[in-house]
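What follows is entry-v8.cif (mmCIF, C-alpha atoms).
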data_protein
#
loop_
_atom_site.group_PDB
_atom_site.id
_atom_site.type_symbol
_atom_site.label_atom_id
_atom_site.label_comp_id
_atom_site.auth_asym_id
_atom_site.auth_seq_id
_atom_site.Cartn_x
_atom_site.Cartn_y
_atom_site.Cartn_z
ATOM 1 C CA MET X 678 -26.595 43.994 172.704
ATOM 2 C CA GLN X 679 -26.968 40.365 171.659
ATOM 3 C CA LYS X 680 -25.511 38.056 174.329
ATOM 4 C CA ILE X 681 -24.405 35.245 172.005
ATOM 5 C CA LYS X 682 -23.041 35.904 168.507
ATOM 6 C CA THR X 683 -21.919 33.469 165.848
ATOM 7 C CA PHE X 684 -18.214 33.966 165.105
ATOM 8 C CA LEU X 685 -17.115 33.039 161.565
ATOM 9 C CA TRP X 686 -13.461 32.439 160.694
ATOM 10 C CA PHE X 687 -12.470 33.433 157.160
ATOM 11 C CA ASP X 688 -9.067 33.272 155.503
ATOM 12 C CA ASN X 689 -8.994 36.925 154.366
ATOM 13 C CA GLN X 690 -12.489 37.639 152.995
ATOM 14 C CA ALA X 691 -14.368 38.683 156.166
ATOM 15 C CA GLU X 692 -15.292 42.165 154.966
ATOM 16 C CA GLU X 693 -16.184 40.995 151.460
ATOM 17 C CA ALA X 694 -18.335 38.170 152.876
ATOM 18 C CA ALA X 695 -20.116 40.433 155.388
ATOM 19 C CA ASN X 696 -20.956 42.944 152.642
ATOM 20 C CA HIS X 697 -22.138 40.110 150.382
ATOM 21 C CA TYR X 698 -24.439 38.678 153.054
ATOM 22 C CA VAL X 699 -25.824 42.123 153.939
ATOM 23 C CA SER X 700 -26.630 42.725 150.255
ATOM 24 C CA ILE X 701 -28.524 39.423 150.104
ATOM 25 C CA PHE X 702 -30.603 39.781 153.252
ATOM 26 C CA GLY X 703 -31.229 43.560 153.124
ATOM 27 C CA GLY X 704 -33.810 45.062 155.488
ATOM 28 C CA ASP X 705 -32.287 45.510 158.914
ATOM 29 C CA SER X 706 -29.085 43.787 157.784
ATOM 30 C CA LYS X 707 -25.956 45.929 157.924
ATOM 31 C CA VAL X 708 -22.273 46.079 158.749
ATOM 32 C CA LEU X 709 -21.989 47.280 162.348
ATOM 33 C CA GLY X 710 -18.245 47.799 162.669
ATOM 34 C CA VAL X 711 -14.799 46.923 161.366
ATOM 35 C CA THR X 712 -11.573 46.506 163.344
ATOM 36 C CA HIS X 713 -8.065 46.406 161.902
ATOM 37 C CA TYR X 714 -4.901 44.601 162.862
ATOM 38 C CA THR X 715 -2.333 46.768 164.637
ATOM 39 C CA GLU X 716 1.423 46.589 165.156
ATOM 40 C CA ALA X 717 0.733 44.625 168.349
ATOM 41 C CA SER X 718 -1.514 42.017 166.712
ATOM 42 C CA PRO X 719 -0.573 38.906 164.725
ATOM 43 C CA GLY X 720 -2.029 40.111 161.391
ATOM 44 C CA GLU X 721 -0.686 42.632 158.918
ATOM 45 C CA PRO X 722 -1.069 46.127 160.436
ATOM 46 C CA GLY X 723 -3.962 47.999 158.821
ATOM 47 C CA ALA X 724 -5.593 44.872 157.367
ATOM 48 C CA VAL X 725 -9.187 44.100 158.381
ATOM 49 C CA MET X 726 -9.232 41.885 161.469
ATOM 50 C CA THR X 727 -12.964 41.598 162.299
ATOM 51 C CA VAL X 728 -16.267 42.716 160.851
ATOM 52 C CA GLU X 729 -19.396 42.812 162.982
ATOM 53 C CA PHE X 730 -22.606 42.587 160.991
ATOM 54 C CA ARG X 731 -26.311 41.908 161.328
ATOM 55 C CA LEU X 732 -28.418 39.676 159.084
ATOM 56 C CA ALA X 733 -32.189 39.760 159.583
ATOM 57 C CA GLY X 734 -31.741 40.836 163.201
ATOM 58 C CA GLN X 735 -29.046 38.250 164.071
ATOM 59 C CA GLU X 736 -25.524 39.524 164.794
ATOM 60 C CA TYR X 737 -22.313 37.869 163.613
ATOM 61 C CA VAL X 738 -18.593 38.519 163.802
ATOM 62 C CA ALA X 739 -16.338 37.637 160.871
ATOM 63 C CA LEU X 740 -12.589 37.259 161.462
ATOM 64 C CA ASN X 741 -9.783 37.280 158.930
ATOM 65 C CA GLY X 742 -7.815 34.569 160.719
ATOM 66 C CA GLY X 743 -5.979 32.850 157.893
ATOM 67 C CA PRO X 744 -6.429 29.525 156.117
ATOM 68 C CA GLN X 745 -5.947 27.235 159.147
ATOM 69 C CA PHE X 746 -9.644 26.614 159.863
ATOM 70 C CA PRO X 747 -11.883 26.356 156.788
ATOM 71 C CA PHE X 748 -15.631 25.952 157.111
ATOM 72 C CA THR X 749 -17.185 22.482 157.141
ATOM 73 C CA GLU X 750 -20.757 21.219 157.035
ATOM 74 C CA ALA X 751 -20.479 20.575 160.776
ATOM 75 C CA ILE X 752 -22.016 24.023 161.200
ATOM 76 C CA SER X 753 -24.502 25.780 158.958
ATOM 77 C CA LEU X 754 -26.787 28.776 159.032
ATOM 78 C CA SER X 755 -30.440 27.813 158.656
ATOM 79 C CA VAL X 756 -32.802 30.328 157.055
ATOM 80 C CA ASP X 757 -36.567 30.069 157.593
ATOM 81 C CA CYS X 758 -38.204 31.137 154.327
ATOM 82 C CA GLU X 759 -41.788 32.373 154.152
ATOM 83 C CA SER X 760 -42.340 31.365 150.530
ATOM 84 C CA GLN X 761 -40.977 29.390 147.622
ATOM 85 C CA ALA X 762 -40.039 32.707 146.001
ATOM 86 C CA GLU X 763 -37.804 33.506 148.990
ATOM 87 C CA VAL X 764 -36.268 30.013 148.816
ATOM 88 C CA ASP X 765 -35.599 30.490 145.102
ATOM 89 C CA GLU X 766 -34.022 33.943 145.537
ATOM 90 C CA LEU X 767 -31.783 33.010 148.458
ATOM 91 C CA TRP X 768 -30.757 29.774 146.777
ATOM 92 C CA ALA X 769 -29.735 31.604 143.606
ATOM 93 C CA ARG X 770 -27.836 34.345 145.413
ATOM 94 C CA LEU X 771 -26.058 32.116 147.918
ATOM 95 C CA THR X 772 -25.059 29.432 145.399
ATOM 96 C CA ASP X 773 -23.625 32.092 143.037
ATOM 97 C CA GLY X 774 -19.959 31.098 143.097
ATOM 98 C CA GLY X 775 -20.744 28.304 145.558
ATOM 99 C CA GLU X 776 -22.252 24.853 145.227
ATOM 100 C CA GLU X 777 -25.581 23.142 145.717
ATOM 101 C CA GLY X 778 -25.942 20.384 148.255
ATOM 102 C CA GLN X 779 -28.709 17.938 149.083
ATOM 103 C CA CYS X 780 -31.912 18.543 151.028
ATOM 104 C CA GLY X 781 -31.820 22.346 150.986
ATOM 105 C CA TRP X 782 -28.151 22.650 151.956
ATOM 106 C CA LEU X 783 -25.620 24.690 150.006
ATOM 107 C CA LYS X 784 -22.144 26.137 150.334
ATOM 108 C CA ASP X 785 -21.660 29.771 149.411
ATOM 109 C CA ARG X 786 -18.640 31.199 147.578
ATOM 110 C CA TYR X 787 -16.744 31.401 150.896
ATOM 111 C CA GLY X 788 -17.418 27.776 151.834
ATOM 112 C CA LEU X 789 -19.995 28.577 154.534
ATOM 113 C CA SER X 790 -22.871 26.073 154.659
ATOM 114 C CA TRP X 791 -26.475 27.261 154.653
ATOM 115 C CA GLN X 792 -29.824 25.496 154.935
ATOM 116 C CA ILE X 793 -32.564 27.238 152.959
ATOM 117 C CA VAL X 794 -35.744 25.920 154.542
ATOM 118 C CA PRO X 795 -39.302 26.689 153.420
ATOM 119 C CA ARG X 796 -42.025 26.998 156.024
ATOM 120 C CA GLY X 797 -44.074 23.858 156.044
ATOM 121 C CA LEU X 798 -41.107 21.490 155.780
ATOM 122 C CA SER X 799 -41.248 20.266 159.371
ATOM 123 C CA GLU X 800 -45.029 19.826 159.110
ATOM 124 C CA ALA X 801 -44.632 17.726 155.960
ATOM 125 C CA LEU X 802 -41.904 15.587 157.543
ATOM 126 C CA SER X 803 -43.849 15.078 160.764
ATOM 127 C CA ASP X 804 -47.308 14.519 159.263
ATOM 128 C CA PRO X 805 -49.475 12.394 161.595
ATOM 129 C CA ASP X 806 -49.904 9.969 158.712
ATOM 130 C CA PRO X 807 -46.582 8.054 158.718
ATOM 131 C CA VAL X 808 -46.979 7.063 155.059
ATOM 132 C CA LYS X 809 -47.399 10.694 154.023
ATOM 133 C CA ALA X 810 -44.443 11.757 156.208
ATOM 134 C CA ALA X 811 -42.299 9.030 154.635
ATOM 135 C CA ARG X 812 -43.244 10.214 151.130
ATOM 136 C CA ALA X 813 -42.278 13.781 152.073
ATOM 137 C CA MET X 814 -38.938 12.553 153.455
ATOM 138 C CA LYS X 815 -38.267 10.524 150.309
ATOM 139 C CA ALA X 816 -39.121 13.541 148.140
ATOM 140 C CA MET X 817 -36.822 15.820 150.195
ATOM 141 C CA LEU X 818 -33.932 13.366 149.989
ATOM 142 C CA GLY X 819 -34.157 13.553 146.195
ATOM 143 C CA MET X 820 -33.968 17.361 146.095
ATOM 144 C CA LYS X 821 -31.215 19.913 146.171
ATOM 145 C CA LYS X 822 -33.181 23.179 146.444
ATOM 146 C CA LEU X 823 -36.358 22.385 148.374
ATOM 147 C CA ASP X 824 -39.695 22.684 146.608
ATOM 148 C CA ILE X 825 -42.368 23.029 149.262
ATOM 149 C CA GLU X 826 -45.282 22.308 146.901
ATOM 150 C CA ALA X 827 -43.650 19.052 145.792
ATOM 151 C CA LEU X 828 -43.013 18.124 149.425
ATOM 152 C CA LEU X 829 -46.586 18.840 150.483
ATOM 153 C CA ASN X 830 -47.954 16.919 147.483
ATOM 154 C CA ALA X 831 -45.707 13.879 148.051
#
Please go through the file and, once you have read it, give me the structure as structure tokens.
Amino acid sequence: MQKIKTFLWFDNQAEEAANHYVSIFGGDSKVLGVTHYTEASPGEPGAVMTVEFRLAGQEYVALNGGPQFPFTEAISLSVDCESQAEVDELWARLTDGGEEGQCGWLKDRYGLSWQIVPRGLSEALSDPDPVKAARAMKAMLGMKKLDIEALLNA
């Protein structure tokens, strides 16, 4: 059992969001369990209360808690991508119904912020040559979806 889990507060789309994320990340990603509100709980009896799910080995809990606490960019899920193809696929699937942000950030259709990060980004930004690192930073700041080849060639 994972000791620390990220808990995500949704208005009423927890189950839909969990299934959407599982479909995107595949592999060992799956819905682990669903609980429902009861007569004794604050939500509508029978409605989905929480959904536990796993994405790429990391466990999460999604709650249908109502509209009081929408997501903000103050928290995001960062995804380490092995290739530009993976960046491209995740970017397309997560921005479907959502919106693109700057520097590899996006908001999905539920308002949750993600960072889609290609391997090699930190190396490009921390190159021992400060001029090269500055060029990589300038290139990244001008991008929405990150292009690792463009960053490495900057």
Of the listed residues X:Ala811, X:Leu783, X:Met678, X:Leu818, that which approaches X:Gly734 most closely, counting all atoms listed in the file: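 So, comparing all the options, the nearest one is X:Met678.
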Any chance you could resolve the PyMOL selection byres ((chain X and resi 768) around 12) against this file and give the residues as a PyMOL selection string? chain X and resi 701-702+756+758+761-767+769-778+781-785+790-795+821-824
Which is closer to X:Gly797 than all the others in X:Ala739, X:Leu829, X:Ala816, X:Cys780, using all atoms listed in the file? X:Leu829
As a check of understanding, name the residues that the PyMOL selection byres ((chain X and resi 744) around 10) selects in the supplied structure, as a ChimeraX atom specification. /X:686-689,741-743,745-748
What gap, in Å, lies between atom CA of X:Ile681 and atom CA of X:Tyr737? 9.0 Å
As a PDB file with C-alpha atoms, in the frame of the given file, please: the residues near X:Gly710 (cut-off 9 Å, only C-alpha atoms, same-chain neighbours under 3 positions excluded).
ATOM      1  CA  THR X 727     -12.964  41.598 162.299  1.00  0.00           C
ATOM      2  CA  VAL X 728     -16.267  42.716 160.851  1.00  0.00           C
ATOM      3  CA  GLU X 729     -19.396  42.812 162.982  1.00  0.00           C
ATOM      4  CA  PHE X 730     -22.606  42.587 160.991  1.00  0.00           C
TER       5      PHE X 730
END
Convert the output of the PyMOL selection byres ((chain X and resi 695) around 9) on the shown file into explicit residues, formatted as an NGL selection string. :X and (690-694 or 696-700 or 707-708 or 728-731 or 737-739)
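The space between atom CA of X:Leu802 and atom CA of X:Leu828 spans 8.6 Å.
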